[in-house]
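Shown below: final.txt, with compact mmCIF, C-alpha atoms and all ligand atoms.
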# COMPACT_ATOMS: atom_id res chain seq x y z
CA MET A 2 0.00 0.00 0.00
CA LYS A 3 1.25 3.48 -0.89
CA ASN A 4 2.52 5.48 2.10
CA ILE A 5 0.29 8.51 2.72
CA TRP A 6 3.32 10.71 3.30
CA LEU A 7 4.06 10.43 -0.42
CA ASP A 8 0.88 12.47 -1.09
CA ILE A 9 1.88 15.35 1.19
CA GLU A 10 3.35 18.57 -0.22
CA LEU A 11 6.35 19.76 1.77
CA SER A 12 5.11 23.36 1.68
CA ASP A 13 1.76 22.36 3.22
CA TYR A 14 3.51 20.30 5.89
CA GLU A 15 6.08 22.95 6.79
CA ASN A 16 3.62 25.84 6.77
CA HIS A 17 1.29 23.87 9.01
CA MET A 18 4.05 22.89 11.47
CA ALA A 19 5.29 26.48 11.68
CA LEU A 20 1.85 28.03 12.41
CA PRO A 21 1.85 29.80 15.80
CA SER A 22 -1.06 27.55 16.82
CA VAL A 23 1.08 24.46 16.09
CA ALA A 24 4.72 25.64 16.57
CA GLN A 25 6.08 22.12 16.28
CA SER A 26 8.91 22.83 13.80
CA GLN A 27 10.51 25.22 16.26
CA TYR A 28 10.04 22.79 19.13
CA LEU A 29 11.52 19.81 17.26
CA SER A 30 14.49 21.77 15.98
CA GLN A 31 15.19 23.13 19.47
CA TYR A 32 15.01 19.67 20.98
CA PHE A 33 17.43 18.32 18.37
CA PHE A 34 19.83 21.14 19.32
CA LYS A 35 19.61 20.03 22.96
CA LEU A 36 20.64 16.52 21.94
CA LEU A 37 23.57 17.86 19.93
CA GLU A 38 24.72 20.00 22.84
CA SER A 39 24.37 17.16 25.34
CA PHE A 40 26.12 14.40 23.41
CA HIS A 41 28.49 16.08 20.90
CA PRO A 42 28.09 13.32 18.29
CA LYS A 43 30.50 12.99 15.37
CA THR A 44 27.90 11.20 13.27
CA VAL A 45 24.16 11.89 13.19
CA ALA A 46 21.10 10.38 11.49
CA ILE A 47 17.70 12.06 11.39
CA LEU A 48 14.81 9.66 10.79
CA GLY A 49 11.87 11.39 9.09
CA CYS A 50 13.85 14.54 8.36
CA SER A 51 11.22 16.09 6.04
CA GLY A 52 12.74 19.21 4.47
CA GLY A 53 15.65 19.20 6.91
CA ASN A 54 14.12 20.85 9.98
CA GLY A 55 16.88 20.98 12.62
CA LEU A 56 19.81 20.70 10.22
CA GLU A 57 20.35 24.43 10.67
CA ARG A 58 21.32 23.63 14.27
CA ILE A 59 24.27 21.39 13.37
CA ASN A 60 27.74 22.79 13.83
CA SER A 61 29.61 21.65 10.72
CA GLU A 62 32.92 21.93 12.61
CA GLU A 63 31.77 19.35 15.17
CA VAL A 64 29.62 16.86 13.27
CA GLU A 65 31.53 14.93 10.61
CA LYS A 66 28.73 13.00 8.95
CA ILE A 67 24.98 13.54 8.65
CA ILE A 68 22.43 11.08 7.29
CA CYS A 69 18.96 12.39 6.43
CA VAL A 70 16.32 9.70 6.08
CA ASP A 71 12.81 10.09 4.71
CA ILE A 72 10.35 8.06 2.66
CA ASN A 73 9.34 11.06 0.55
CA PRO A 74 11.91 11.80 -2.21
CA ASN A 75 10.57 15.34 -2.71
CA PHE A 76 11.20 16.19 0.93
CA LEU A 77 14.78 14.95 0.63
CA LYS A 78 15.30 16.83 -2.62
CA GLU A 79 14.41 20.05 -0.85
CA ALA A 80 16.58 19.21 2.17
CA LYS A 81 19.47 18.65 -0.24
CA HIS A 82 18.81 21.93 -2.01
CA ARG A 83 18.83 23.75 1.33
CA TYR A 84 21.76 22.09 3.07
CA ASN A 85 24.09 20.37 0.64
CA LYS A 86 26.57 23.25 0.50
CA ARG A 87 26.66 23.69 4.24
CA PHE A 88 28.04 20.25 5.15
CA LYS A 89 31.00 18.30 3.76
CA ASP A 90 29.53 14.85 4.35
CA ILE A 91 25.75 14.71 4.18
CA GLU A 92 23.78 11.81 2.74
CA TYR A 93 20.09 11.67 1.78
CA VAL A 94 18.54 8.24 2.15
CA CYS A 95 15.09 7.70 0.66
CA GLN A 96 13.94 4.52 2.36
CA ASP A 97 11.19 3.17 4.55
CA ILE A 98 12.60 2.77 8.06
CA THR A 99 10.47 -0.34 8.56
CA SER A 100 11.89 -2.11 5.52
CA GLU A 101 14.26 -5.04 6.08
CA ASN A 102 16.33 -3.49 3.26
CA PHE A 103 16.83 -0.31 5.26
CA LYS A 104 20.52 0.31 5.74
CA ILE A 105 22.63 3.28 6.77
CA SER A 106 26.07 3.50 8.33
CA ASN A 107 26.16 3.48 12.12
CA VAL A 108 25.87 6.77 13.95
CA ASP A 109 26.57 8.25 17.38
CA LEU A 110 23.21 10.05 17.52
CA MET A 111 19.97 8.97 15.89
CA TYR A 112 17.19 11.53 16.16
CA ALA A 113 13.55 10.72 15.44
CA GLY A 114 11.02 13.46 16.09
CA LEU A 115 7.39 12.43 15.48
CA ILE A 116 7.93 9.59 13.02
CA PHE A 117 7.07 6.60 15.21
CA GLU A 118 3.40 7.66 15.22
CA TYR A 119 3.24 6.71 11.52
CA VAL A 120 5.04 3.37 11.44
CA ASP A 121 5.00 -0.13 12.88
CA ILE A 122 7.11 0.59 15.98
CA GLU A 123 8.17 -3.01 16.55
CA LEU A 124 9.75 -3.12 13.10
CA ALA A 125 11.08 0.43 13.22
CA ILE A 126 12.85 0.06 16.58
CA ASN A 127 14.26 -3.33 15.69
CA ILE A 128 15.73 -1.92 12.47
CA ALA A 129 16.81 1.52 13.73
CA ALA A 130 18.65 0.09 16.76
CA ARG A 131 21.03 -1.78 14.43
CA PHE A 132 22.52 1.46 13.16
CA ILE A 133 23.41 3.12 16.46
CA ASN A 134 27.00 2.80 17.63
CA SER A 135 27.76 1.13 20.94
CA LYS A 136 27.31 3.84 23.62
CA GLY A 137 25.52 5.88 20.93
CA VAL A 138 22.20 7.58 21.57
CA LEU A 139 18.63 7.48 20.26
CA GLY A 140 16.60 10.66 20.91
CA ALA A 141 12.90 10.24 20.20
CA VAL A 142 9.94 12.59 20.52
CA LEU A 143 6.52 10.97 20.87
CA GLN A 144 3.26 12.87 20.78
CA GLN A 145 0.94 12.16 23.69
CA PRO A 146 -2.86 12.20 23.63
CA ASN A 147 -4.76 15.22 24.84
CA GLU A 148 -8.47 14.55 24.70
CA LYS A 149 -9.23 18.26 24.26
CA ILE A 150 -7.45 18.55 20.90
CA PRO A 151 -7.20 16.36 17.76
CA GLU A 152 -3.89 14.60 17.03
CA VAL A 153 -3.41 16.63 13.81
CA THR A 154 -4.29 20.27 14.56
CA PRO A 155 -6.93 21.52 12.08
CA SER A 156 -5.52 24.29 9.86
CA ARG A 157 -6.00 25.71 6.38
CA TYR A 158 -3.63 22.98 5.09
CA LYS A 159 -6.41 20.46 4.54
CA SER A 160 -4.19 17.90 2.78
CA LEU A 161 -2.66 17.07 6.17
CA GLU A 162 -5.97 15.81 7.50
CA LYS A 163 -5.40 12.51 5.69
CA LEU A 164 -2.46 11.84 8.03
CA SER A 165 -4.96 11.25 10.85
CA LYS A 166 -5.88 7.97 9.12
CA VAL A 167 -2.43 6.52 9.69
CA PHE A 168 -1.49 8.35 12.89
CA GLY A 169 -1.32 6.26 16.06
CA PHE A 170 -0.22 7.40 19.50
CA VAL A 171 2.77 5.43 20.76
CA PRO A 172 2.57 4.60 24.48
CA SER A 173 5.91 5.53 26.08
CA ALA A 174 5.98 2.34 28.18
CA LYS A 175 5.62 0.15 25.09
CA PHE A 176 8.29 2.15 23.28
CA ILE A 177 10.71 1.84 26.20
CA GLU A 178 10.06 -1.90 26.46
CA LEU A 179 10.77 -2.42 22.75
CA CYS A 180 13.92 -0.31 22.95
CA ASN A 181 15.15 -2.42 25.87
CA ILE A 182 14.66 -5.59 23.83
CA HIS A 183 16.91 -4.11 21.16
CA GLY A 184 19.72 -3.03 23.45
CA LEU A 185 18.64 0.56 24.07
CA LYS A 186 18.56 1.62 27.70
CA LEU A 187 16.45 4.60 28.80
CA ILE A 188 18.58 7.42 30.22
CA SER A 189 16.09 10.28 30.22
CA GLN A 190 12.34 10.83 29.97
CA ILE A 191 10.80 14.31 29.95
CA GLU A 192 7.18 15.33 29.42
CA THR A 193 6.60 18.65 27.63
CA GLN A 194 3.50 20.65 26.81
CA LEU A 195 3.47 23.35 24.13
CA GLU A 196 1.31 26.48 24.23
CA SER A 197 -0.98 24.73 21.73
CA SER A 198 -1.66 22.23 24.59
CA LYS A 199 -0.02 19.44 22.60
CA LYS A 200 1.92 17.10 24.82
CA PHE A 201 5.11 15.25 24.00
CA THR A 202 7.41 12.76 25.64
CA GLU A 203 11.11 13.20 24.98
CA LEU A 204 13.01 9.96 25.41
CA ILE A 205 16.74 9.38 25.29
CA PHE A 206 18.26 5.91 25.10
CA GLN A 207 21.84 4.68 25.07
CA LYS A 208 22.96 1.57 23.21
CA PHE A 209 24.64 -0.94 25.46
C1 LIG B 301 5.78 14.31 11.37
S1 LIG B 301 7.03 14.29 10.20
C2 LIG B 301 8.54 14.45 11.11
C3 LIG B 301 8.84 15.82 11.53
C4 LIG B 301 10.25 16.25 11.32
N1 LIG B 301 11.16 15.49 12.14
C5 LIG B 301 10.33 17.73 11.62
O1 LIG B 301 11.14 18.13 12.45
O2 LIG B 301 9.54 18.48 11.01
C6 LIG B 301 7.24 12.59 9.78
C7 LIG B 301 8.26 12.39 8.67
O3 LIG B 301 8.55 11.00 8.58
C8 LIG B 301 8.52 10.60 7.23
N2 LIG B 301 8.12 9.18 7.23
C9 LIG B 301 6.89 8.69 7.52
N3 LIG B 301 6.91 7.34 7.48
C10 LIG B 301 8.18 6.99 7.14
C11 LIG B 301 8.83 5.74 6.94
N4 LIG B 301 8.16 4.58 7.07
N5 LIG B 301 10.15 5.73 6.62
C12 LIG B 301 10.84 6.90 6.49
N6 LIG B 301 10.27 8.12 6.65
C13 LIG B 301 8.96 8.16 6.98
C14 LIG B 301 7.50 11.52 6.56
O4 LIG B 301 7.69 11.61 5.17
C15 LIG B 301 7.76 12.83 7.29
O5 LIG B 301 8.74 13.60 6.66

What would the structure in this file look like if it were written as structure tokens?
Ligand SMILES: C[S@@+](CC[C@H](N)C(=O)[O-])C[C@H]1O[C@@H](n2cnc3c(N)ncnc32)[C@H](O)[C@@H]1O
Amino acid sequence: MKNIWLDIELSDYENHMALPSVAQSQYLSQYFFKLLESFHPKTVAILGCSGGNGLERINSEEVEKIICVDINPNFLKEAKHRYNKRFKDIEYVCQDITSENFKISNVDLMYAGLIFEYVDIELAINIAARFINSKGVLGAVLQQPNEKIPEVTPSRYKSLEKLSKVFGFVPSAKFIELCNIHGLKLISQIETQLESSKKFTELIFQKF
């Protein structure tokens, strides 16, 4: 079955995420920066990188290799257009993170902000964990339910409404359990609420 993300226009997605009533682009990029500052990785992969949100936070003097992963080739094309000149070693991988064929080189930091809600988490964690270096880190942001607001905030970007069909909240406990099975040990768990009232769990795991 065709992945619904292939029907989404990057401009609709980015404009929606940047709306003051949503403000998730800013939040995700800021959180990625926190991870970079905390762990000083030499190699980084972003799963579900869209048009490259957060790449602007990477210090090209510190990070030696960046891998941008997304299922939508148009998103990656735009990320490449925006960032290719800024980094010496940046790779754009158009693959499904739940595919057994998924393969990237191992990294010190894998960042995944709001992608697990759209995939089979058992498959995704099993596969993603393979590509994190020993003592390397997985930073994941999971959206949490808030019964007062819908999972995809209504906005003038109507095309995004179809994402609700494939969106599924990921319970943190289940996520942590699956990570444990695949050698990822929880080192930090923080709950955050944005002004929009959307709630998120920020989880950091270390590979042992
Ligand atoms: C909610 S967006 C992620 C937000 C992004 N991290 C940001 O900061 O704006 C989810 C992203 O994951 C990608 N995606 C969804 N399912 C995927 C899959 N199975 N494999 C790889 N990428 C996928 C989508 O194309 C989309 O760019």

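Protein and nucleic acid residues near (20.7, 8.4, 10.3) are Val45, Ala46, Ile47, Leu48, Ile67, Ile68, Cys69, Val70, Ile105, Val108 and Met111 of chain A, the criterion being any atom at most 7 Å away using only C-alpha atoms.
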
Would you put the residues from that selection into a file with C-alpha atoms, as an mmCIF file, in the frame of the given file?
data_model
loop_
_atom_site.group_PDB
_atom_site.id
_atom_site.type_symbol
_atom_site.label_atom_id
_atom_site.label_comp_id
_atom_site.auth_asym_id
_atom_site.auth_seq_id
_atom_site.Cartn_x
_atom_site.Cartn_y
_atom_site.Cartn_z
ATOM 1 C CA VAL A 45 24.160 11.890 13.190
ATOM 2 C CA ALA A 46 21.100 10.380 11.490
ATOM 3 C CA ILE A 47 17.700 12.060 11.390
ATOM 4 C CA LEU A 48 14.810 9.660 10.790
ATOM 5 C CA ILE A 67 24.980 13.540 8.650
ATOM 6 C CA ILE A 68 22.430 11.080 7.290
ATOM 7 C CA CYS A 69 18.960 12.390 6.430
ATOM 8 C CA VAL A 70 16.320 9.700 6.080
ATOM 9 C CA ILE A 105 22.630 3.280 6.770
ATOM 10 C CA VAL A 108 25.870 6.770 13.950
ATOM 11 C CA MET A 111 19.970 8.970 15.890
#

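Excluding Leu204 (chain A) itself and same-chain residues fewer than 6 positions from it, the residues having an atom within 9 Å of it are A:Leu139, A:Gly140, A:Ala141, A:Val142, A:Leu143, A:Ser173, A:Ile177, A:Leu187, A:Ile188, A:Ser189, A:Gln190, A:Ile191, A:Glu192, counting all atoms listed in the file.
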
**Site check for ligand LIG 301 (chain B): residues at most 6 Å away, all atoms listed in the file, as a PyMOL selection string** = chain A and resi 6+26+29+49-51+54+71-73+96-99+114-116+119-120

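Distances to Asn134 (chain A) were evaluated for A:Asp109, A:Glu92, A:Glu152, A:Asp121 using only C-alpha atoms, and the minimum falls at A:Asp109.
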
**Message:** Between CA of Leu110 (chain A) and CA of Ile126 (chain A), what distance in Å does the model show, to one decimal?
**Reply:** 14.4 Å
